[in-house]
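The block underneath contains the structure these notes are about, expressed in structure tokens.
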Amino acid sequence: IREFFNRAASDEEHFPSSIDPRIYHVKLVPEHLGDLNGKRVADLGCGKGRFARLMKERNPQASVVALDLAEAMLRYVDPNIHKVAATLTGLPLATGSCDGAYATESLEHAIDIETAVAELCRIVKPGGKIVIIDKDAAAWGRLETPEWERWFGRKEMEGLLKRHCKQVSSKPISYWEDVAPDGLFLAWTATR
């Protein structure tokens with residue numbers, strides 16, 4: 001998987017280093033996480049750091065940590081953001097060291113989803129916020145996917161989050177802010 005994403009780093013068309021602000025993910029993540037100035041947030045599976053860059057721009061006094069498996073992807077991350085090469089199942093951050101964490105279309109690439117969700121929750125302090133955006137298992141087959149990729153059912157991910165979080169909710173979302181959800185994406189929000 002690391003090799004795949006290290007190669008993919010040179011593919012700007014499918015793995016862009018910037019993000020269109022009309023993409024609903026761009027609105028949902030900061031909306032749920034709230035004001036992060038003076039706080040620490042982790043972008044798990046950050047790719048080229050396009051969400052991390054937005055979080056830092058919107059919260060200049062925040063400490064943003066961008067983690068990704070692929071070192072080649074991390075080369076694109078803004079120098080004002082702390083970058084770390086790591087797997088989603090073994091995050092090198094202390095327990096409760098973050099005020100928030102998010103994973104946008106990255107958990108689908110984790111080898112062990114249960115452990116990845118536990119790790120995501122472990123690094124967030126009690127009362128901290130979590131956002132996961134990924135593809136709905138009910139839509140499997142709509143896109144060409146690598147053999148290791150896994151999509152999630154709404155209740156499945158809610159159940160994994162409820163093991164660690166006091167409040168969990170989910171909803172279907174659209175990729176674009178001004179388009180009704182078409183069943184491809186789900187968003188899970190939680191409070192640790």
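Residues are referred to by chain and number: the chain letter is A, B, ... according to the order shown in the structure tokens, the number counts from 1 in that chain, and ligands are numbered separately from 1 in the order shown.
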Can you check which residues of range 10-165 of chain A DSSP gives as strand (DSSP E) on the backbone and send them as number ranges by chain? A: 40-44, 63-68, 82-85, 98-104, 124-135
For the selection you just gave me, I'd like the residues written to a file as a tab-separated table (two decimals), in the first residue's frame, keeping C-alpha atoms.
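Once written, out.tsv looks like this:
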chain	number	residue	atom	x	y	z
A	40	ARG	CA	-3.71	20.43	18.28
A	41	VAL	CA	-5.42	18.51	15.47
A	42	ALA	CA	-4.32	15.43	13.53
A	43	ASP	CA	-5.02	14.78	9.85
A	44	LEU	CA	-4.84	10.99	9.50
A	63	SER	CA	-0.81	22.91	15.76
A	64	VAL	CA	-1.68	20.71	12.77
A	65	VAL	CA	-0.08	17.27	12.51
A	66	ALA	CA	-0.31	15.59	9.09
A	67	LEU	CA	0.25	11.82	9.13
A	68	ASP	CA	0.52	9.57	6.10
A	82	HIS	CA	4.20	19.05	11.30
A	83	LYS	CA	4.38	15.94	9.11
A	84	VAL	CA	4.84	12.36	10.26
A	85	ALA	CA	5.21	9.11	8.30
A	98	CYS	CA	-4.96	16.03	20.28
A	99	ASP	CA	-8.04	18.20	20.63
A	100	GLY	CA	-9.38	16.76	17.40
A	101	ALA	CA	-8.63	14.36	14.57
A	102	TYR	CA	-10.07	13.62	11.16
A	103	ALA	CA	-9.70	11.02	8.46
A	104	THR	CA	-11.02	11.95	5.02
A	124	VAL	CA	-8.00	12.51	21.00
A	125	LYS	CA	-8.50	13.82	24.52
A	126	PRO	CA	-11.87	13.40	26.28
A	127	GLY	CA	-14.28	15.99	24.89
A	128	GLY	CA	-12.27	16.25	21.66
A	129	LYS	CA	-13.91	16.03	18.25
A	130	ILE	CA	-13.53	13.41	15.50
A	131	VAL	CA	-14.63	13.38	11.86
A	132	ILE	CA	-14.44	10.45	9.46
A	133	ILE	CA	-15.51	10.79	5.83
A	134	ASP	CA	-15.41	7.72	3.65
A	135	LYS	CA	-17.33	5.72	1.11
Just want the 7 Å neighbourhood of Gly38 in chain A, counted on only C-alpha atoms, with same-chain residues fewer than 2 positions away dropped. Output as an MDAnalysis selection string. chainID A and resid 36 61:62
Can you list, as a CSV table (one decimal) with all heavy atoms, in the first residue's frame, every residue of chain A that DSSP puts in helix (DSSP H, G or I)?
chain,number,residue,atom,x,y,z
A,2,ARG,N,1.9,1.2,0.8
A,2,ARG,CA,2.9,2.4,0.9
A,2,ARG,C,3.5,2.6,-0.5
A,2,ARG,O,3.5,3.7,-1.0
A,2,ARG,CB,4.0,2.1,1.9
A,2,ARG,CG,5.0,3.3,1.9
A,2,ARG,CD,6.1,3.0,2.9
A,2,ARG,NE,5.7,3.2,4.2
A,2,ARG,CZ,5.7,2.2,5.2
A,2,ARG,NH1,6.2,1.0,4.9
A,2,ARG,NH2,5.2,2.5,6.4
A,3,GLU,N,3.9,1.6,-1.2
A,3,GLU,CA,4.5,1.7,-2.5
A,3,GLU,C,3.5,2.3,-3.5
A,3,GLU,O,3.8,3.2,-4.3
A,3,GLU,CB,4.9,0.3,-3.0
A,3,GLU,CG,5.7,0.4,-4.3
A,3,GLU,CD,6.1,-1.0,-4.8
A,3,GLU,OE1,6.6,-1.8,-3.9
A,3,GLU,OE2,5.9,-1.3,-6.0
A,4,PHE,N,2.2,1.9,-3.4
A,4,PHE,CA,1.2,2.4,-4.3
A,4,PHE,C,1.1,3.9,-4.1
A,4,PHE,O,1.0,4.7,-5.1
A,4,PHE,CB,-0.2,1.7,-4.0
A,4,PHE,CG,-1.3,2.3,-4.8
A,4,PHE,CD1,-1.7,1.8,-6.0
A,4,PHE,CD2,-2.1,3.3,-4.2
A,4,PHE,CE1,-2.7,2.3,-6.7
A,4,PHE,CE2,-3.2,3.9,-4.9
A,4,PHE,CZ,-3.5,3.4,-6.2
A,5,PHE,N,1.0,4.4,-2.9
A,5,PHE,CA,0.8,5.8,-2.6
A,5,PHE,C,2.1,6.6,-2.8
A,5,PHE,O,2.0,7.8,-3.2
A,5,PHE,CB,0.2,6.0,-1.2
A,5,PHE,CG,-1.3,5.7,-1.2
A,5,PHE,CD1,-1.8,4.5,-0.6
A,5,PHE,CD2,-2.2,6.5,-1.9
A,5,PHE,CE1,-3.1,4.2,-0.6
A,5,PHE,CE2,-3.6,6.2,-1.9
A,5,PHE,CZ,-4.0,5.1,-1.3
A,6,ASN,N,3.2,6.0,-2.7
A,6,ASN,CA,4.4,6.7,-3.0
A,6,ASN,C,4.5,7.0,-4.5
A,6,ASN,O,4.9,8.1,-4.9
A,6,ASN,CB,5.7,5.9,-2.5
A,6,ASN,CG,6.0,6.2,-1.1
A,6,ASN,OD1,5.9,7.3,-0.6
A,6,ASN,ND2,6.5,5.2,-0.4
A,7,ARG,N,4.1,6.0,-5.3
A,7,ARG,CA,4.0,6.2,-6.8
A,7,ARG,C,2.9,7.2,-7.1
A,7,ARG,O,3.1,8.0,-8.0
A,7,ARG,CB,3.8,4.9,-7.5
A,7,ARG,CG,5.0,4.0,-7.6
A,7,ARG,CD,4.8,2.8,-8.6
A,7,ARG,NE,3.5,2.2,-8.5
A,7,ARG,CZ,3.2,1.1,-7.8
A,7,ARG,NH1,4.2,0.5,-7.1
A,7,ARG,NH2,2.0,0.6,-7.7
A,8,ALA,N,1.8,7.1,-6.4
A,8,ALA,CA,0.6,8.0,-6.7
A,8,ALA,C,0.9,9.4,-6.5
A,8,ALA,O,0.2,10.3,-7.0
A,8,ALA,CB,-0.6,7.5,-6.0
A,24,TYR,N,-17.8,19.5,-0.2
A,24,TYR,CA,-18.5,19.5,1.1
A,24,TYR,C,-17.6,19.1,2.3
A,24,TYR,O,-17.8,19.6,3.4
A,24,TYR,CB,-19.8,18.7,1.1
A,24,TYR,CG,-20.6,18.8,2.4
A,24,TYR,CD1,-21.1,20.0,2.8
A,24,TYR,CD2,-20.8,17.7,3.2
A,24,TYR,CE1,-21.8,20.2,4.0
A,24,TYR,CE2,-21.5,17.8,4.4
A,24,TYR,CZ,-22.0,19.0,4.8
A,24,TYR,OH,-22.7,19.2,5.9
A,25,HIS,N,-16.7,18.2,2.1
A,25,HIS,CA,-15.8,17.8,3.1
A,25,HIS,C,-15.1,19.0,3.7
A,25,HIS,O,-14.8,19.1,4.9
A,25,HIS,CB,-14.7,16.9,2.5
A,25,HIS,CG,-15.1,15.6,1.8
A,25,HIS,ND1,-16.2,15.5,1.1
A,25,HIS,CD2,-14.4,14.5,1.7
A,25,HIS,CE1,-16.3,14.3,0.6
A,25,HIS,NE2,-15.2,13.6,0.9
A,26,VAL,N,-14.7,20.0,2.9
A,26,VAL,CA,-14.0,21.2,3.3
A,26,VAL,C,-14.8,22.0,4.3
A,26,VAL,O,-14.3,22.7,5.1
A,26,VAL,CB,-13.7,22.0,2.0
A,26,VAL,CG1,-13.1,23.4,2.4
A,26,VAL,CG2,-12.7,21.3,1.2
A,27,LYS,N,-16.1,21.9,4.2
A,27,LYS,CA,-17.0,22.6,5.1
A,27,LYS,C,-17.3,21.8,6.4
A,27,LYS,O,-17.2,22.3,7.5
A,27,LYS,CB,-18.4,22.9,4.4
A,27,LYS,CG,-19.4,23.7,5.3
A,27,LYS,CD,-20.6,24.0,4.5
A,27,LYS,CE,-21.6,24.7,5.4
A,27,LYS,NZ,-22.8,25.0,4.7
A,28,LEU,N,-17.6,20.5,6.2
A,28,LEU,CA,-18.0,19.7,7.3
A,28,LEU,C,-16.9,19.5,8.3
A,28,LEU,O,-17.1,19.6,9.5
A,28,LEU,CB,-18.4,18.3,6.8
A,28,LEU,CG,-18.8,17.2,7.8
A,28,LEU,CD1,-20.0,17.6,8.5
A,28,LEU,CD2,-18.9,15.9,7.2
A,29,VAL,N,-15.6,19.2,7.9
A,29,VAL,CA,-14.6,18.9,8.9
A,29,VAL,C,-14.3,20.1,9.8
A,29,VAL,O,-14.4,19.9,11.1
A,29,VAL,CB,-13.3,18.5,8.2
A,29,VAL,CG1,-12.1,18.4,9.1
A,29,VAL,CG2,-13.5,17.2,7.4
A,30,PRO,N,-14.1,21.3,9.3
A,30,PRO,CA,-13.8,22.4,10.3
A,30,PRO,C,-15.1,22.8,11.1
A,30,PRO,O,-15.0,23.2,12.2
A,30,PRO,CB,-13.3,23.6,9.4
A,30,PRO,CG,-13.6,23.2,8.0
A,30,PRO,CD,-13.8,21.7,8.0
A,31,GLU,N,-16.2,22.6,10.5
A,31,GLU,CA,-17.5,22.9,11.2
A,31,GLU,C,-17.6,22.1,12.4
A,31,GLU,O,-18.0,22.6,13.5
A,31,GLU,CB,-18.7,22.7,10.2
A,31,GLU,CG,-20.0,23.3,10.6
A,31,GLU,CD,-21.0,23.1,9.5
A,31,GLU,OE1,-21.6,22.0,9.4
A,31,GLU,OE2,-21.1,24.0,8.7
A,32,HIS,N,-17.4,20.8,12.3
A,32,HIS,CA,-17.5,19.9,13.5
A,32,HIS,C,-16.4,20.1,14.5
A,32,HIS,O,-16.6,20.1,15.7
A,32,HIS,CB,-17.5,18.4,13.0
A,32,HIS,CG,-17.7,17.5,14.2
A,32,HIS,ND1,-18.8,17.4,15.0
A,32,HIS,CD2,-16.8,16.6,14.8
A,32,HIS,CE1,-18.7,16.5,15.9
A,32,HIS,NE2,-17.5,16.0,15.8
A,33,LEU,N,-15.1,20.3,14.0
A,33,LEU,CA,-14.0,20.4,14.9
A,33,LEU,C,-14.0,21.8,15.6
A,33,LEU,O,-13.5,21.9,16.7
A,33,LEU,CB,-12.7,20.3,14.1
A,33,LEU,CG,-12.4,18.9,13.5
A,33,LEU,CD1,-11.1,18.9,12.7
A,33,LEU,CD2,-12.4,17.8,14.6
A,50,ARG,N,-3.7,18.5,1.8
A,50,ARG,CA,-4.6,19.6,1.3
A,50,ARG,C,-5.6,20.0,2.4
A,50,ARG,O,-5.8,21.2,2.5
A,50,ARG,CB,-5.3,19.2,0.0
A,50,ARG,CG,-6.0,17.9,0.1
A,50,ARG,CD,-6.4,17.5,-1.3
A,50,ARG,NE,-7.4,16.4,-1.2
A,50,ARG,CZ,-8.3,16.1,-2.1
A,50,ARG,NH1,-8.4,16.8,-3.2
A,50,ARG,NH2,-9.2,15.1,-2.0
A,51,PHE,N,-6.1,19.1,3.2
A,51,PHE,CA,-7.0,19.5,4.3
A,51,PHE,C,-6.2,20.1,5.4
A,51,PHE,O,-6.6,21.1,6.0
A,51,PHE,CB,-7.7,18.2,4.8
A,51,PHE,CG,-8.9,17.9,4.0
A,51,PHE,CD1,-8.9,16.9,3.0
A,51,PHE,CD2,-10.2,18.5,4.2
A,51,PHE,CE1,-10.0,16.6,2.3
A,51,PHE,CE2,-11.3,18.2,3.5
A,51,PHE,CZ,-11.2,17.2,2.5
A,52,ALA,N,-5.0,19.6,5.7
A,52,ALA,CA,-4.2,20.1,6.8
A,52,ALA,C,-3.8,21.6,6.5
A,52,ALA,O,-3.9,22.4,7.4
A,52,ALA,CB,-2.9,19.3,6.9
A,53,ARG,N,-3.6,21.9,5.2
A,53,ARG,CA,-3.3,23.3,4.8
A,53,ARG,C,-4.5,24.2,5.1
A,53,ARG,O,-4.3,25.3,5.6
A,53,ARG,CB,-2.9,23.3,3.3
A,53,ARG,CG,-2.4,24.6,2.8
A,53,ARG,CD,-2.0,24.6,1.4
A,53,ARG,NE,-1.1,23.5,1.1
A,53,ARG,CZ,-1.4,22.5,0.3
A,53,ARG,NH1,-2.6,22.3,-0.2
A,53,ARG,NH2,-0.5,21.5,0.1
A,54,LEU,N,-5.7,23.7,4.7
A,54,LEU,CA,-6.9,24.5,5.0
A,54,LEU,C,-7.1,24.7,6.5
A,54,LEU,O,-7.5,25.8,6.9
A,54,LEU,CB,-8.1,23.8,4.4
A,54,LEU,CG,-8.3,23.9,2.9
A,54,LEU,CD1,-9.5,23.1,2.4
A,54,LEU,CD2,-8.5,25.4,2.5
A,55,MET,N,-6.9,23.7,7.3
A,55,MET,CA,-7.0,23.8,8.7
A,55,MET,C,-6.1,24.8,9.3
A,55,MET,O,-6.5,25.6,10.2
A,55,MET,CB,-6.8,22.4,9.4
A,55,MET,CG,-7.8,21.4,9.0
A,55,MET,SD,-9.5,21.9,9.2
A,55,MET,CE,-9.8,21.4,10.8
A,56,LYS,N,-4.8,24.8,8.8
A,56,LYS,CA,-3.8,25.8,9.3
A,56,LYS,C,-4.2,27.2,8.9
A,56,LYS,O,-4.1,28.1,9.6
A,56,LYS,CB,-2.5,25.3,8.8
A,56,LYS,CG,-1.3,26.2,9.4
A,56,LYS,CD,-1.2,26.0,10.9
A,56,LYS,CE,0.1,26.7,11.4
A,56,LYS,NZ,0.1,26.6,12.9
A,57,GLU,N,-4.7,27.3,7.6
A,57,GLU,CA,-5.0,28.7,7.1
A,57,GLU,C,-6.2,29.2,7.9
A,57,GLU,O,-6.2,30.4,8.2
A,57,GLU,CB,-5.4,28.6,5.6
A,57,GLU,CG,-4.3,28.4,4.7
A,57,GLU,CD,-4.7,28.1,3.3
A,57,GLU,OE1,-5.9,28.1,3.0
A,57,GLU,OE2,-3.8,27.9,2.4
A,58,ARG,N,-7.2,28.4,8.3
A,58,ARG,CA,-8.3,28.8,9.0
A,58,ARG,C,-8.1,29.0,10.5
A,58,ARG,O,-8.8,29.7,11.2
A,58,ARG,CB,-9.5,27.9,8.8
A,58,ARG,CG,-10.0,27.9,7.3
A,58,ARG,CD,-11.1,26.9,7.1
A,58,ARG,NE,-11.4,27.0,5.7
A,58,ARG,CZ,-12.4,26.2,5.1
A,58,ARG,NH1,-13.1,25.4,5.9
A,58,ARG,NH2,-12.6,26.3,3.8
A,71,GLU,N,5.8,8.5,2.3
A,71,GLU,CA,6.7,9.6,2.4
A,71,GLU,C,6.7,10.6,1.2
A,71,GLU,O,6.8,11.8,1.4
A,71,GLU,CB,8.2,9.1,2.6
A,71,GLU,CG,8.4,8.3,3.9
A,71,GLU,CD,8.1,6.8,3.7
A,71,GLU,OE1,7.5,6.4,2.6
A,71,GLU,OE2,8.4,6.0,4.6
A,72,ALA,N,6.4,10.0,0.0
A,72,ALA,CA,6.4,10.9,-1.2
A,72,ALA,C,5.2,11.8,-1.1
A,72,ALA,O,5.3,13.0,-1.6
A,72,ALA,CB,6.3,10.0,-2.4
A,73,MET,N,4.1,11.4,-0.5
A,73,MET,CA,2.9,12.3,-0.3
A,73,MET,C,3.3,13.4,0.6
A,73,MET,O,3.0,14.6,0.4
A,73,MET,CB,1.7,11.5,0.2
A,73,MET,CG,1.1,10.6,-0.8
A,73,MET,SD,0.1,11.5,-2.0
A,73,MET,CE,-0.7,10.1,-2.8
A,74,LEU,N,4.0,13.1,1.7
A,74,LEU,CA,4.3,14.0,2.8
A,74,LEU,C,5.2,15.2,2.2
A,74,LEU,O,5.3,16.3,2.8
A,74,LEU,CB,5.0,13.3,3.9
A,74,LEU,CG,4.0,12.5,4.8
A,74,LEU,CD1,4.8,11.6,5.8
A,74,LEU,CD2,3.0,13.3,5.5
A,107,LEU,N,-9.4,5.9,5.9
A,107,LEU,CA,-9.5,4.7,6.7
A,107,LEU,C,-9.8,3.5,5.8
A,107,LEU,O,-9.5,2.4,6.1
A,107,LEU,CB,-10.7,4.8,7.7
A,107,LEU,CG,-10.3,5.5,9.0
A,107,LEU,CD1,-11.6,5.6,9.9
A,107,LEU,CD2,-9.2,4.8,9.7
A,108,GLU,N,-10.3,3.8,4.6
A,108,GLU,CA,-10.6,2.7,3.6
A,108,GLU,C,-9.3,2.0,3.2
A,108,GLU,O,-9.4,0.9,2.6
A,108,GLU,CB,-11.3,3.3,2.4
A,108,GLU,CG,-10.5,4.3,1.6
A,108,GLU,CD,-11.3,5.1,0.6
A,108,GLU,OE1,-12.5,5.2,0.7
A,108,GLU,OE2,-10.6,5.6,-0.4
A,109,HIS,N,-8.2,2.6,3.5
A,109,HIS,CA,-6.9,2.0,3.1
A,109,HIS,C,-6.2,1.3,4.3
A,109,HIS,O,-5.1,0.7,4.1
A,109,HIS,CB,-6.0,3.0,2.5
A,109,HIS,CG,-6.6,3.8,1.3
A,109,HIS,ND1,-6.8,3.1,0.1
A,109,HIS,CD2,-7.0,5.0,1.2
A,109,HIS,CE1,-7.3,4.0,-0.7
A,109,HIS,NE2,-7.5,5.2,-0.1
A,113,ILE,N,-9.1,-2.1,10.3
A,113,ILE,CA,-10.0,-1.0,10.5
A,113,ILE,C,-10.3,-0.8,12.0
A,113,ILE,O,-10.2,0.4,12.5
A,113,ILE,CB,-11.3,-1.1,9.7
A,113,ILE,CG1,-11.1,-1.4,8.3
A,113,ILE,CG2,-12.2,0.1,10.0
A,113,ILE,CD1,-10.2,-0.3,7.6
A,114,GLU,N,-10.5,-1.8,12.7
A,114,GLU,CA,-10.9,-1.7,14.1
A,114,GLU,C,-9.7,-1.1,14.9
A,114,GLU,O,-9.9,-0.2,15.7
A,114,GLU,CB,-11.1,-3.1,14.7
A,114,GLU,CG,-11.7,-3.1,16.1
A,114,GLU,CD,-12.1,-4.5,16.6
A,114,GLU,OE1,-12.5,-5.3,15.7
A,114,GLU,OE2,-12.0,-4.8,17.8
A,115,THR,N,-8.5,-1.5,14.6
A,115,THR,CA,-7.3,-0.9,15.3
A,115,THR,C,-7.1,0.5,14.9
A,115,THR,O,-6.8,1.4,15.7
A,115,THR,CB,-6.0,-1.7,15.0
A,115,THR,OG1,-6.3,-3.1,15.5
A,115,THR,CG2,-4.8,-1.2,15.6
A,116,ALA,N,-7.3,0.8,13.6
A,116,ALA,CA,-7.2,2.2,13.1
A,116,ALA,C,-8.1,3.2,13.8
A,116,ALA,O,-7.8,4.3,14.2
A,116,ALA,CB,-7.3,2.3,11.6
A,117,VAL,N,-9.4,2.7,13.9
A,117,VAL,CA,-10.4,3.6,14.6
A,117,VAL,C,-10.0,3.7,16.1
A,117,VAL,O,-10.1,4.8,16.7
A,117,VAL,CB,-11.8,3.0,14.5
A,117,VAL,CG1,-12.8,3.8,15.3
A,117,VAL,CG2,-12.2,3.1,13.0
A,118,ALA,N,-9.6,2.7,16.7
A,118,ALA,CA,-9.1,2.7,18.1
A,118,ALA,C,-8.0,3.7,18.3
A,118,ALA,O,-7.9,4.5,19.3
A,118,ALA,CB,-8.8,1.3,18.6
A,119,GLU,N,-7.0,3.7,17.4
A,119,GLU,CA,-5.9,4.6,17.4
A,119,GLU,C,-6.3,6.0,17.2
A,119,GLU,O,-5.9,6.9,17.9
A,119,GLU,CB,-4.9,4.2,16.3
A,119,GLU,CG,-3.9,3.1,16.7
A,119,GLU,CD,-2.9,3.6,17.8
A,119,GLU,OE1,-1.9,4.2,17.5
A,119,GLU,OE2,-3.2,3.3,19.0
A,120,LEU,N,-7.2,6.3,16.2
A,120,LEU,CA,-7.7,7.6,16.0
A,120,LEU,C,-8.4,8.2,17.3
A,120,LEU,O,-8.1,9.3,17.7
A,120,LEU,CB,-8.8,7.5,14.9
A,120,LEU,CG,-9.4,8.8,14.4
A,120,LEU,CD1,-10.0,8.6,13.0
A,120,LEU,CD2,-10.4,9.4,15.3
A,121,CYS,N,-9.2,7.3,17.9
A,121,CYS,CA,-9.8,7.8,19.2
A,121,CYS,C,-8.9,7.9,20.3
A,121,CYS,O,-9.0,8.8,21.1
A,121,CYS,CB,-10.9,6.8,19.5
A,121,CYS,SG,-12.3,6.8,18.3
A,122,ARG,N,-7.9,7.1,20.4
A,122,ARG,CA,-6.9,7.1,21.5
A,122,ARG,C,-6.1,8.4,21.6
A,122,ARG,O,-5.9,9.0,22.7
A,122,ARG,CB,-5.9,6.0,21.3
A,122,ARG,CG,-4.8,5.9,22.4
A,122,ARG,CD,-3.7,4.9,22.1
A,122,ARG,NE,-2.9,5.2,20.9
A,122,ARG,CZ,-2.0,6.2,20.8
A,122,ARG,NH1,-1.7,6.9,21.8
A,122,ARG,NH2,-1.3,6.4,19.6
A,137,ALA,N,-20.3,1.4,2.1
A,137,ALA,CA,-20.2,0.0,1.7
A,137,ALA,C,-21.4,-0.4,0.7
A,137,ALA,O,-21.2,-1.2,-0.2
A,137,ALA,CB,-20.2,-1.0,2.8
A,138,ALA,N,-22.5,0.2,0.9
A,138,ALA,CA,-23.7,0.0,0.0
A,138,ALA,C,-23.4,0.4,-1.4
A,138,ALA,O,-24.1,0.0,-2.3
A,138,ALA,CB,-24.9,0.6,0.6
A,139,ALA,N,-22.4,1.3,-1.6
A,139,ALA,CA,-22.1,1.8,-3.0
A,139,ALA,C,-20.9,1.1,-3.6
A,139,ALA,O,-20.5,1.5,-4.6
A,139,ALA,CB,-21.9,3.3,-2.9
A,154,ARG,N,-22.8,2.3,7.5
A,154,ARG,CA,-23.0,3.4,8.4
A,154,ARG,C,-23.0,2.9,9.9
A,154,ARG,O,-22.3,3.5,10.7
A,154,ARG,CB,-24.4,4.1,8.1
A,154,ARG,CG,-24.7,5.3,8.7
A,154,ARG,CD,-25.9,6.0,8.1
A,154,ARG,NE,-26.3,7.1,8.9
A,154,ARG,CZ,-27.3,7.9,8.6
A,154,ARG,NH1,-28.0,7.6,7.5
A,154,ARG,NH2,-27.6,8.9,9.3
A,155,LYS,N,-23.7,1.9,10.2
A,155,LYS,CA,-23.8,1.4,11.5
A,155,LYS,C,-22.5,0.7,12.0
A,155,LYS,O,-22.2,0.7,13.1
A,155,LYS,CB,-25.0,0.4,11.6
A,155,LYS,CG,-26.4,1.0,11.4
A,155,LYS,CD,-26.6,2.1,12.5
A,155,LYS,CE,-28.0,2.7,12.3
A,155,LYS,NZ,-28.1,3.9,13.1
A,156,GLU,N,-21.8,0.1,11.0
A,156,GLU,CA,-20.5,-0.6,11.3
A,156,GLU,C,-19.6,0.5,11.9
A,156,GLU,O,-19.0,0.2,13.0
A,156,GLU,CB,-19.9,-1.2,10.1
A,156,GLU,CG,-18.5,-1.7,10.3
A,156,GLU,CD,-17.9,-2.1,8.9
A,156,GLU,OE1,-18.3,-1.7,7.8
A,156,GLU,OE2,-16.8,-2.8,9.0
A,157,MET,N,-19.4,1.6,11.3
A,157,MET,CA,-18.4,2.6,11.7
A,157,MET,C,-19.0,3.3,13.0
A,157,MET,O,-18.2,3.6,13.9
A,157,MET,CB,-18.1,3.6,10.7
A,157,MET,CG,-17.1,4.7,11.1
A,157,MET,SD,-15.5,3.9,11.5
A,157,MET,CE,-14.9,3.4,9.8
A,158,GLU,N,-20.3,3.5,13.1
A,158,GLU,CA,-20.8,4.0,14.3
A,158,GLU,C,-20.5,3.1,15.5
A,158,GLU,O,-20.1,3.6,16.6
A,158,GLU,CB,-22.4,4.2,14.2
A,158,GLU,CG,-22.8,5.4,13.4
A,158,GLU,CD,-24.3,5.5,13.4
A,158,GLU,OE1,-25.0,4.8,14.2
A,158,GLU,OE2,-24.8,6.3,12.6
A,159,GLY,N,-20.6,1.8,15.3
A,159,GLY,CA,-20.3,0.9,16.4
A,159,GLY,C,-18.9,0.9,16.8
A,159,GLY,O,-18.6,0.8,18.0
A,160,LEU,N,-18.0,1.0,15.8
A,160,LEU,CA,-16.6,1.1,16.2
A,160,LEU,C,-16.3,2.4,17.0
A,160,LEU,O,-15.5,2.4,17.9
A,160,LEU,CB,-15.7,1.1,14.9
A,160,LEU,CG,-15.7,-0.3,14.2
A,160,LEU,CD1,-14.9,-0.2,12.9
A,160,LEU,CD2,-15.1,-1.4,15.0
A,161,LEU,N,-16.9,3.5,16.6
A,161,LEU,CA,-16.6,4.8,17.3
A,161,LEU,C,-17.3,4.8,18.7
A,161,LEU,O,-16.7,5.3,19.6
A,161,LEU,CB,-17.2,5.9,16.4
A,161,LEU,CG,-16.4,6.3,15.2
A,161,LEU,CD1,-17.2,7.2,14.3
A,161,LEU,CD2,-15.1,7.0,15.6
A,162,LYS,N,-18.4,4.1,18.8
A,162,LYS,CA,-19.1,4.1,20.1
A,162,LYS,C,-18.3,3.4,21.2
A,162,LYS,O,-18.6,3.6,22.4
A,162,LYS,CB,-20.5,3.5,19.9
A,162,LYS,CG,-21.5,4.5,19.3
A,162,LYS,CD,-22.9,3.9,19.1
A,162,LYS,CE,-23.8,4.9,18.4
A,162,LYS,NZ,-25.1,4.3,18.2
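With only C-alpha atoms as the atoms that count, the minimum distance from Ile23 in chain A to the choices A:Ile173, A:Ala94, A:Ile1, A:Ala110 is reached by A:Ile173.
In this structure, CA of Ala180 in chain A sits 17.3 Å away from CA of Asp20 in chain A.
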Compile the contact shell of Ser174 in chain A as a ChimeraX atom specification: residues with an atom at most 8 Å away, counting only C-alpha atoms, same-chain residues fewer than 4 positions apart removed. /A:24,179-185
Mind giving me the straight-line distance from CA of Thr189 in chain A to CA of His164 in chain A in Å, one decimal? 12.6 Å
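Between CA of Trp151 in chain A and CA of Thr89 in chain A the interatomic distance comes to 16.7 Å.
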